[in-house]
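Colleague: Input target_1.cif, format and content: mmCIF, C-alpha atoms.
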data_start
#
loop_
_atom_site.group_PDB
_atom_site.id
_atom_site.type_symbol
_atom_site.label_atom_id
_atom_site.label_comp_id
_atom_site.auth_asym_id
_atom_site.auth_seq_id
_atom_site.Cartn_x
_atom_site.Cartn_y
_atom_site.Cartn_z
ATOM 1 C CA MET A 200 75.349 33.317 41.467
ATOM 2 C CA LYS A 201 77.542 34.025 44.471
ATOM 3 C CA LEU A 202 76.868 37.761 44.026
ATOM 4 C CA TRP A 203 73.088 37.316 44.349
ATOM 5 C CA GLN A 204 73.496 35.094 47.407
ATOM 6 C CA TRP A 205 75.908 37.587 48.947
ATOM 7 C CA LEU A 206 73.398 40.403 48.437
ATOM 8 C CA SER A 207 70.582 38.522 50.179
ATOM 9 C CA ARG A 208 72.778 37.299 53.044
ATOM 10 C CA ASN A 209 74.285 40.737 53.725
ATOM 11 C CA MET A 210 71.123 42.790 53.319
ATOM 12 C CA ALA A 211 71.245 44.117 56.898
ATOM 13 C CA LEU A 212 74.753 45.525 56.522
ATOM 14 C CA LEU A 213 74.072 46.910 53.048
ATOM 15 C CA THR A 214 70.825 48.496 54.246
ATOM 16 C CA LEU A 215 72.627 50.214 57.105
ATOM 17 C CA VAL A 216 75.458 51.448 54.870
ATOM 18 C CA CYS A 217 73.097 52.789 52.216
ATOM 19 C CA ALA A 218 70.840 54.370 54.861
ATOM 20 C CA VAL A 219 73.859 56.271 56.224
ATOM 21 C CA ILE A 220 74.776 57.381 52.703
ATOM 22 C CA ALA A 221 71.174 58.495 52.132
ATOM 23 C CA PHE A 222 71.252 60.531 55.332
ATOM 24 C CA VAL A 223 74.618 62.158 54.589
ATOM 25 C CA TYR A 224 73.836 62.776 50.919
ATOM 26 C CA PRO A 225 70.060 62.498 50.238
ATOM 27 C CA PRO A 226 70.299 63.260 46.469
ATOM 28 C CA ALA A 227 71.993 59.885 45.997
ATOM 29 C CA PHE A 228 68.656 58.160 46.616
ATOM 30 C CA LEU A 229 66.120 60.901 45.937
ATOM 31 C CA ILE A 230 66.622 60.073 42.262
ATOM 32 C CA PHE A 231 64.488 56.976 42.881
ATOM 33 C CA LYS A 232 61.416 59.006 43.825
ATOM 34 C CA SER A 233 59.589 58.334 40.558
ATOM 35 C CA TYR A 234 60.430 54.626 40.679
ATOM 36 C CA PHE A 235 59.586 53.930 44.329
ATOM 37 C CA LEU A 236 56.572 51.728 43.591
ATOM 38 C CA TRP A 237 58.472 49.874 40.888
ATOM 39 C CA PHE A 238 60.878 48.620 43.530
ATOM 40 C CA PHE A 239 57.943 47.380 45.605
ATOM 41 C CA ALA A 240 56.701 45.587 42.494
ATOM 42 C CA ALA A 241 60.146 44.059 41.915
ATOM 43 C CA THR A 242 60.115 42.454 45.353
ATOM 44 C CA MET A 243 56.720 40.903 44.712
ATOM 45 C CA PHE A 244 57.751 39.673 41.249
ATOM 46 C CA ALA A 245 60.796 37.993 42.772
ATOM 47 C CA LEU A 246 58.568 36.373 45.392
ATOM 48 C CA GLY A 247 56.270 35.043 42.684
ATOM 49 C CA VAL A 248 59.228 33.335 41.045
ATOM 50 C CA VAL A 249 60.250 31.512 44.238
ATOM 51 C CA LEU A 250 56.741 30.822 45.573
ATOM 52 C CA HIS A 251 55.978 27.113 45.321
ATOM 53 C CA PRO A 252 52.364 26.409 44.236
ATOM 54 C CA ALA A 253 52.048 23.689 46.866
ATOM 55 C CA GLU A 254 52.981 26.160 49.592
ATOM 56 C CA ALA A 255 50.425 28.675 48.327
ATOM 57 C CA ARG A 256 47.662 26.044 48.360
ATOM 58 C CA ALA A 257 48.683 24.977 51.863
ATOM 59 C CA ALA A 258 48.420 28.543 53.192
ATOM 60 C CA LEU A 259 45.080 29.260 51.546
ATOM 61 C CA SER A 260 43.708 26.013 52.921
ATOM 62 C CA LYS A 261 44.092 27.467 56.435
ATOM 63 C CA PRO A 262 41.827 30.544 56.528
ATOM 64 C CA SER A 263 41.579 30.362 60.316
ATOM 65 C CA THR A 264 45.361 30.637 60.570
ATOM 66 C CA ILE A 265 45.347 33.730 58.360
ATOM 67 C CA ALA A 266 42.509 35.226 60.417
ATOM 68 C CA LEU A 267 44.443 34.704 63.658
ATOM 69 C CA GLY A 268 47.506 36.325 62.132
ATOM 70 C CA VAL A 269 45.566 39.385 60.955
ATOM 71 C CA LEU A 270 43.859 39.630 64.352
ATOM 72 C CA CYS A 271 47.293 39.774 65.979
ATOM 73 C CA GLN A 272 48.398 42.387 63.424
ATOM 74 C CA PHE A 273 45.576 44.771 64.324
ATOM 75 C CA SER A 274 45.685 44.218 68.075
ATOM 76 C CA ILE A 275 49.290 43.772 69.214
ATOM 77 C CA MET A 276 50.864 46.621 67.242
ATOM 78 C CA PRO A 277 48.121 49.228 67.823
ATOM 79 C CA LEU A 278 48.355 48.580 71.564
ATOM 80 C CA LEU A 279 52.144 48.834 71.462
ATOM 81 C CA GLY A 280 51.879 52.038 69.435
ATOM 82 C CA PHE A 281 49.477 53.495 71.987
ATOM 83 C CA ALA A 282 51.846 52.541 74.815
ATOM 84 C CA ALA A 283 54.797 54.170 73.029
ATOM 85 C CA ALA A 284 52.733 57.312 72.410
ATOM 86 C CA SER A 285 51.670 57.466 76.065
ATOM 87 C CA ILE A 286 55.266 57.122 77.275
ATOM 88 C CA SER A 287 56.511 59.799 74.873
ATOM 89 C CA VAL A 288 53.843 62.312 75.949
ATOM 90 C CA TRP A 289 54.575 61.539 79.605
ATOM 91 C CA GLN A 290 58.234 62.365 78.915
ATOM 92 C CA GLY A 291 57.381 65.659 77.263
ATOM 93 C CA VAL A 292 57.483 64.729 73.586
ATOM 94 C CA ALA A 293 55.129 66.756 71.400
ATOM 95 C CA PRO A 294 51.691 65.158 70.904
ATOM 96 C CA GLU A 295 52.158 65.439 67.123
ATOM 97 C CA ILE A 296 55.146 63.086 67.306
ATOM 98 C CA ALA A 297 53.380 60.790 69.769
ATOM 99 C CA LEU A 298 50.527 60.379 67.311
ATOM 100 C CA GLY A 299 53.060 59.037 64.815
ATOM 101 C CA PHE A 300 53.588 55.938 66.977
ATOM 102 C CA ILE A 301 49.874 55.203 66.899
ATOM 103 C CA ILE A 302 49.739 55.576 63.129
ATOM 104 C CA VAL A 303 52.688 53.187 62.716
ATOM 105 C CA GLY A 304 51.093 50.670 65.054
ATOM 106 C CA CYS A 305 47.757 50.816 63.240
ATOM 107 C CA ALA A 306 49.252 50.352 59.752
ATOM 108 C CA PRO A 307 49.069 46.944 58.025
ATOM 109 C CA GLY A 308 52.108 44.702 57.654
ATOM 110 C CA ALA A 309 54.913 45.826 55.377
ATOM 111 C CA MET A 310 55.165 44.470 51.837
ATOM 112 C CA ALA A 311 58.861 43.909 52.515
ATOM 113 C CA SER A 312 57.890 41.381 55.198
ATOM 114 C CA ASN A 313 57.048 38.899 52.452
ATOM 115 C CA VAL A 314 60.612 38.971 51.157
ATOM 116 C CA ILE A 315 62.031 38.883 54.680
ATOM 117 C CA SER A 316 59.899 35.825 55.474
ATOM 118 C CA TYR A 317 61.312 34.058 52.434
ATOM 119 C CA LEU A 318 64.905 34.943 53.284
ATOM 120 C CA ALA A 319 64.354 33.862 56.908
ATOM 121 C CA GLY A 320 62.949 30.467 55.930
ATOM 122 C CA GLY A 321 59.381 31.318 56.919
ATOM 123 C CA ALA A 322 56.073 30.432 55.265
ATOM 124 C CA VAL A 323 56.022 32.781 52.277
ATOM 125 C CA ALA A 324 52.458 32.066 51.163
ATOM 126 C CA PHE A 325 51.174 32.663 54.709
ATOM 127 C CA SER A 326 53.117 35.948 54.827
ATOM 128 C CA ILE A 327 51.669 37.122 51.506
ATOM 129 C CA ALA A 328 48.153 36.120 52.543
ATOM 130 C CA MET A 329 48.468 38.036 55.823
ATOM 131 C CA THR A 330 49.830 41.125 54.095
ATOM 132 C CA MET A 331 47.113 41.093 51.453
ATOM 133 C CA VAL A 332 44.246 40.645 53.916
ATOM 134 C CA ALA A 333 45.626 43.199 56.380
ATOM 135 C CA THR A 334 46.264 45.758 53.628
ATOM 136 C CA THR A 335 42.784 45.224 52.179
ATOM 137 C CA LEU A 336 41.218 45.803 55.598
ATOM 138 C CA SER A 337 43.433 48.791 56.410
ATOM 139 C CA PRO A 338 41.205 51.480 54.783
ATOM 140 C CA LEU A 339 38.602 50.590 57.402
ATOM 141 C CA LEU A 340 40.659 49.413 60.357
ATOM 142 C CA THR A 341 43.569 51.880 60.281
ATOM 143 C CA PRO A 342 41.550 55.121 60.641
ATOM 144 C CA THR A 343 39.188 53.441 63.119
ATOM 145 C CA LEU A 344 42.075 52.347 65.339
ATOM 146 C CA VAL A 345 43.853 55.709 65.014
ATOM 147 C CA GLU A 346 40.647 57.436 66.093
ATOM 148 C CA LEU A 347 40.251 55.002 68.967
ATOM 149 C CA PHE A 348 43.813 55.313 70.273
ATOM 150 C CA GLY A 349 44.722 58.806 69.088
ATOM 151 C CA SER A 350 41.404 60.677 69.172
ATOM 152 C CA ALA A 351 42.013 61.645 65.553
ATOM 153 C CA TYR A 352 40.372 60.657 62.300
ATOM 154 C CA MET A 353 41.887 60.635 58.856
ATOM 155 C CA ASP A 354 40.471 59.909 55.433
ATOM 156 C CA ILE A 355 42.048 57.107 53.394
ATOM 157 C CA PRO A 356 41.455 57.063 49.621
ATOM 158 C CA PHE A 357 40.141 53.516 49.369
ATOM 159 C CA TRP A 358 40.085 52.930 45.605
ATOM 160 C CA PRO A 359 43.432 54.599 44.787
ATOM 161 C CA MET A 360 44.978 52.569 47.599
ATOM 162 C CA MET A 361 43.447 49.361 46.289
ATOM 163 C CA GLN A 362 44.696 50.203 42.793
ATOM 164 C CA THR A 363 48.203 50.609 44.184
ATOM 165 C CA ILE A 364 47.947 47.241 45.938
ATOM 166 C CA LEU A 365 46.771 45.543 42.756
ATOM 167 C CA LEU A 366 49.528 47.056 40.615
ATOM 168 C CA THR A 367 52.429 46.696 43.037
ATOM 169 C CA VAL A 368 51.512 43.460 44.833
ATOM 170 C CA VAL A 369 48.966 41.275 43.056
ATOM 171 C CA LEU A 370 49.989 41.833 39.424
ATOM 172 C CA PRO A 371 53.781 41.409 39.801
ATOM 173 C CA LEU A 372 53.259 38.432 42.110
ATOM 174 C CA ALA A 373 51.041 36.770 39.518
ATOM 175 C CA LEU A 374 53.530 37.543 36.736
ATOM 176 C CA GLY A 375 56.328 36.042 38.806
ATOM 177 C CA MET A 376 54.321 32.874 39.419
ATOM 178 C CA LEU A 377 53.498 32.697 35.704
ATOM 179 C CA LEU A 378 57.160 33.063 34.777
ATOM 180 C CA ARG A 379 58.000 30.263 37.194
ATOM 181 C CA THR A 380 55.807 27.864 35.221
ATOM 182 C CA GLN A 381 57.731 28.723 32.033
ATOM 183 C CA LEU A 382 61.273 28.405 33.362
ATOM 184 C CA GLY A 383 61.542 24.626 33.309
ATOM 185 C CA GLU A 384 65.081 23.532 34.136
ATOM 186 C CA ARG A 385 66.149 27.128 34.749
ATOM 187 C CA ILE A 386 63.977 27.423 37.860
ATOM 188 C CA GLU A 387 66.888 26.589 40.170
ATOM 189 C CA GLN A 388 68.944 29.408 38.664
ATOM 190 C CA ALA A 389 66.014 31.825 39.009
ATOM 191 C CA GLU A 390 65.511 30.861 42.669
ATOM 192 C CA GLN A 391 69.118 31.854 43.359
ATOM 193 C CA ILE A 392 68.842 35.203 41.547
ATOM 194 C CA ALA A 393 65.393 36.319 42.780
ATOM 195 C CA PRO A 394 66.320 36.882 46.477
ATOM 196 C CA GLY A 395 69.236 39.088 45.402
ATOM 197 C CA ILE A 396 66.957 41.212 43.236
ATOM 198 C CA ALA A 397 64.497 41.518 46.113
ATOM 199 C CA ALA A 398 67.322 42.505 48.467
ATOM 200 C CA ILE A 399 68.444 45.297 46.125
ATOM 201 C CA ALA A 400 64.891 46.601 45.907
ATOM 202 C CA ILE A 401 64.455 46.639 49.688
ATOM 203 C CA ILE A 402 67.789 48.422 50.176
ATOM 204 C CA VAL A 403 66.755 51.143 47.717
ATOM 205 C CA ILE A 404 63.297 51.480 49.304
ATOM 206 C CA CYS A 405 64.769 51.824 52.781
ATOM 207 C CA SER A 406 67.436 54.311 51.668
ATOM 208 C CA TYR A 407 64.899 56.413 49.809
ATOM 209 C CA ALA A 408 62.788 56.620 52.994
ATOM 210 C CA VAL A 409 65.810 58.028 54.826
ATOM 211 C CA ALA A 410 66.645 60.500 52.064
ATOM 212 C CA ALA A 411 63.055 61.712 51.759
ATOM 213 C CA ASN A 412 62.825 62.340 55.517
ATOM 214 C CA HIS A 413 66.335 63.638 56.096
ATOM 215 C CA ASP A 414 65.415 66.888 57.828
ATOM 216 C CA ARG A 415 62.856 65.287 60.134
ATOM 217 C CA ILE A 416 65.190 62.436 61.148
ATOM 218 C CA ALA A 417 67.963 64.921 61.970
ATOM 219 C CA ASP A 418 65.708 66.602 64.572
ATOM 220 C CA THR A 419 64.367 63.451 66.206
ATOM 221 C CA PRO A 420 64.553 63.289 70.057
ATOM 222 C CA THR A 421 66.619 60.402 71.468
ATOM 223 C CA LEU A 422 63.590 59.060 73.359
ATOM 224 C CA VAL A 423 61.684 58.677 70.086
ATOM 225 C CA ILE A 424 64.514 56.592 68.608
ATOM 226 C CA GLY A 425 64.514 54.362 71.688
ATOM 227 C CA LEU A 426 60.756 53.864 71.521
ATOM 228 C CA VAL A 427 60.957 52.966 67.819
ATOM 229 C CA ILE A 428 63.520 50.278 68.651
ATOM 230 C CA LEU A 429 61.359 49.001 71.512
ATOM 231 C CA LEU A 430 58.183 48.985 69.381
ATOM 232 C CA ASN A 431 59.871 46.907 66.699
ATOM 233 C CA GLY A 432 61.511 44.477 69.127
ATOM 234 C CA LEU A 433 58.368 43.856 71.173
ATOM 235 C CA GLY A 434 56.454 43.287 67.940
ATOM 236 C CA TYR A 435 58.793 40.424 67.019
ATOM 237 C CA VAL A 436 58.693 38.915 70.509
ATOM 238 C CA LEU A 437 54.920 39.114 70.960
ATOM 239 C CA GLY A 438 54.373 37.816 67.430
ATOM 240 C CA TRP A 439 56.533 34.780 68.226
ATOM 241 C CA LEU A 440 54.729 34.219 71.538
ATOM 242 C CA ALA A 441 51.372 34.449 69.740
ATOM 243 C CA GLY A 442 52.589 31.758 67.349
ATOM 244 C CA ILE A 443 53.399 29.552 70.330
ATOM 245 C CA LEU A 444 49.981 30.264 71.838
ATOM 246 C CA PHE A 445 48.245 29.277 68.590
ATOM 247 C CA ARG A 446 50.497 26.206 68.240
ATOM 248 C CA PHE A 447 51.830 27.251 64.861
ATOM 249 C CA ASP A 448 54.704 25.264 63.400
ATOM 250 C CA TYR A 449 58.215 26.737 63.289
ATOM 251 C CA THR A 450 57.968 28.407 59.854
ATOM 252 C CA TYR A 451 54.596 29.965 60.706
ATOM 253 C CA LYS A 452 55.940 31.281 64.024
ATOM 254 C CA ILE A 453 58.849 32.938 62.206
ATOM 255 C CA THR A 454 56.444 34.464 59.716
ATOM 256 C CA LEU A 455 54.012 35.730 62.349
ATOM 257 C CA ALA A 456 56.848 37.342 64.315
ATOM 258 C CA ILE A 457 58.072 39.120 61.162
ATOM 259 C CA GLU A 458 54.586 40.188 60.096
ATOM 260 C CA ILE A 459 53.833 41.657 63.526
ATOM 261 C CA GLY A 460 57.236 43.280 64.060
ATOM 262 C CA MET A 461 57.370 44.877 60.601
ATOM 263 C CA GLN A 462 54.823 47.531 59.735
ATOM 264 C CA ASN A 463 54.086 49.374 56.499
ATOM 265 C CA ALA A 464 55.706 52.465 57.928
ATOM 266 C CA GLY A 465 55.918 53.961 54.453
ATOM 267 C CA LEU A 466 52.128 54.079 54.382
ATOM 268 C CA GLY A 467 52.163 55.520 57.883
ATOM 269 C CA VAL A 468 54.534 58.289 56.807
ATOM 270 C CA ALA A 469 52.356 59.146 53.796
ATOM 271 C CA LEU A 470 49.215 59.316 55.926
ATOM 272 C CA ALA A 471 50.940 61.386 58.584
ATOM 273 C CA LEU A 472 52.250 63.917 56.085
ATOM 274 C CA LYS A 473 48.878 64.253 54.395
ATOM 275 C CA HIS A 474 46.597 64.492 57.408
ATOM 276 C CA PHE A 475 48.768 65.783 60.282
ATOM 277 C CA GLN A 476 51.798 67.907 61.069
ATOM 278 C CA PRO A 477 55.159 66.947 59.481
ATOM 279 C CA GLU A 478 56.531 65.891 62.884
ATOM 280 C CA THR A 479 53.946 63.111 62.985
ATOM 281 C CA ALA A 480 55.903 61.325 60.238
ATOM 282 C CA LEU A 481 59.062 61.008 62.372
ATOM 283 C CA PRO A 482 58.298 57.663 64.078
ATOM 284 C CA GLY A 483 57.240 56.136 60.760
ATOM 285 C CA ALA A 484 60.364 57.288 58.915
ATOM 286 C CA LEU A 485 62.610 55.865 61.624
ATOM 287 C CA PHE A 486 60.618 52.650 61.881
ATOM 288 C CA ALA A 487 60.823 52.096 58.108
ATOM 289 C CA VAL A 488 64.614 51.993 58.316
ATOM 290 C CA TRP A 489 65.027 50.218 61.623
ATOM 291 C CA CYS A 490 62.610 47.340 60.980
ATOM 292 C CA ILE A 491 64.344 46.507 57.698
ATOM 293 C CA ILE A 492 67.745 46.455 59.394
ATOM 294 C CA THR A 493 66.583 44.258 62.277
ATOM 295 C CA ALA A 494 64.611 41.930 60.015
ATOM 296 C CA ALA A 495 67.536 41.563 57.635
ATOM 297 C CA GLY A 496 69.799 40.845 60.596
ATOM 298 C CA MET A 497 67.315 38.222 61.757
ATOM 299 C CA THR A 498 67.457 36.478 58.386
ATOM 300 C CA ARG A 499 71.250 36.327 58.600
ATOM 301 C CA TYR A 500 71.059 34.793 62.085
ATOM 302 C CA LEU A 501 68.465 32.221 61.047
ATOM 303 C CA HIS A 502 70.476 31.281 57.955
ATOM 304 C CA ASN A 503 73.611 30.789 60.030
ATOM 305 C CA ARG A 504 71.648 28.779 62.577
ATOM 306 C CA ALA A 505 70.170 26.571 59.850
ATOM 307 C CA ASP A 506 73.614 26.019 58.321
ATOM 308 C CA THR A 507 74.958 25.048 61.752
ATOM 309 C CA VAL A 508 72.146 22.553 62.307
ATOM 310 C CA ILE A 509 72.619 21.036 58.859
ATOM 311 C CA GLY A 510 76.366 20.827 59.362
ATOM 312 C CA SER A 511 76.017 19.106 62.730
ATOM 313 C CA THR A 512 73.636 16.466 61.341
ATOM 314 C CA SER A 513 75.588 15.673 58.176
#
Just give me the structure of the file as structure tokens.
Modeller:
Amino acid sequence: MKLWQWLSRNMALLTLVCAVIAFVYPPAFLIFKSYFLWFFAATMFALGVVLHPAEARAALSKPSTIALGVLCQFSIMPLLGFAAASISVWQGVAPEIALGFIIVGCAPGAMASNVISYLAGGAVAFSIAMTMVATTLSPLLTPTLVELFGSAYMDIPFWPMMQTILLTVVLPLALGMLLRTQLGERIEQAEQIAPGIAAIAIIVICSYAVAANHDRIADTPTLVIGLVILLNGLGYVLGWLAGILFRFDYTYKITLAIEIGMQNAGLGVALALKHFQPETALPGALFAVWCIITAAGMTRYLHNRADTVIGSTS
């Protein structure tokens, strides 16, 4: 069991190490190309195992809270993406790359945010609800916002995208929750193993993103890297401040900060490559790696902080 706990607690370091390996030797992770969505599904299955039914009912009983979270998702990050794009163009970065910031900002929350919320001690059911609603709305809202902020329009295949969501999010989550009801006394053991499995899946997903975009990352201007870091950091901060404004409790504030700060950059990269120039995918590829590293580091900090608080009160 210590191995699984070690994996989840050291996900930030392992993600960074594997990302470097993927950059130096892309074939090491390009072998996962055909299994990419399976790793997404594995994270959701693991979440289903650890998701308490009472917590799910509590989240769904607060539709206004979910609505506020989704509103923040599609307002804070698009505006930050537009600001990053404006700064990059002002500093001479190609408009094709600048557009990538807008696409990242207008994407829904990342599926990995659900696992990160769990590992950080957030409200998992609220995180899943936000991700599901935001992703469902994204075929309409993402191109609309990209057109608004980037003066560009792109087609999104609605039904294929919804099929992907159903197969990689809803179905494995439901199967995980079903398995939980059948585990009986072994549920405690499963709750210790599941986060480790999810951590492995996220590490592979992140490393594959680096390997698949190796050439583009190698040519990225320094300013673009700095703006990616700033976009991610401000997303966390403004998400936390929004939670304070809405008077959310501590776990919901953590979750909102993670949901806002983490974007489905993988989707952004796919859209950029399909509808625009290859350079447009640069911000998304970098963001996919960086947000996982920072979020994983955040979970480690929050775990250590919680252990300190528990130790001081015992």
Colleague: Counting only C-alpha atoms, figure out which residue out of A:Leu298, A:Val345, A:Met243, A:Ala324 gets nearest to Gly483 (chain A).
Modeller: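 Residue with the minimum atom-to-atom distance to Gly483 (chain A): A:Leu298.
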Colleague: For Thr454 (chain A), work out the shell of residues within 8 Å, counting all atoms listed in the file and skipping chain neighbours fewer than 6 positions away, then give it as a short mmCIF file (atom, residue, chain, number, x, y, z; two decimals) with C-alpha atoms, in the coordinates of the input.
Modeller:
data_model
loop_
_atom_site.label_atom_id
_atom_site.label_comp_id
_atom_site.auth_asym_id
_atom_site.auth_seq_id
_atom_site.Cartn_x
_atom_site.Cartn_y
_atom_site.Cartn_z
CA SER A 316 59.90 35.83 55.47
CA GLY A 321 59.38 31.32 56.92
CA ALA A 322 56.07 30.43 55.26
CA VAL A 323 56.02 32.78 52.28
CA PHE A 325 51.17 32.66 54.71
CA SER A 326 53.12 35.95 54.83
#
Colleague: Record the distance separating CA of Leu481 (chain A) and CA of Ala284 (chain A), expressed in Å with one decimal.
Modeller: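 Distance between the two atoms: 12.4 Å.
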Colleague: Between A:Pro294, A:Ala464, A:Gly425, A:Leu336, which residue has the minimum interatomic distance to Thr479 (chain A), considering all atoms listed in the file?
Modeller: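 Smallest distance to Thr479 (chain A) is found for A:Pro294.
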Colleague: In Å, how far is it from CA of Glu478 (chain A) to CA of Phe238 (chain A)?
Modeller: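 Atom-to-atom, CA of Glu478 (chain A) and CA of Phe238 (chain A) are spaced 26.3 Å apart.
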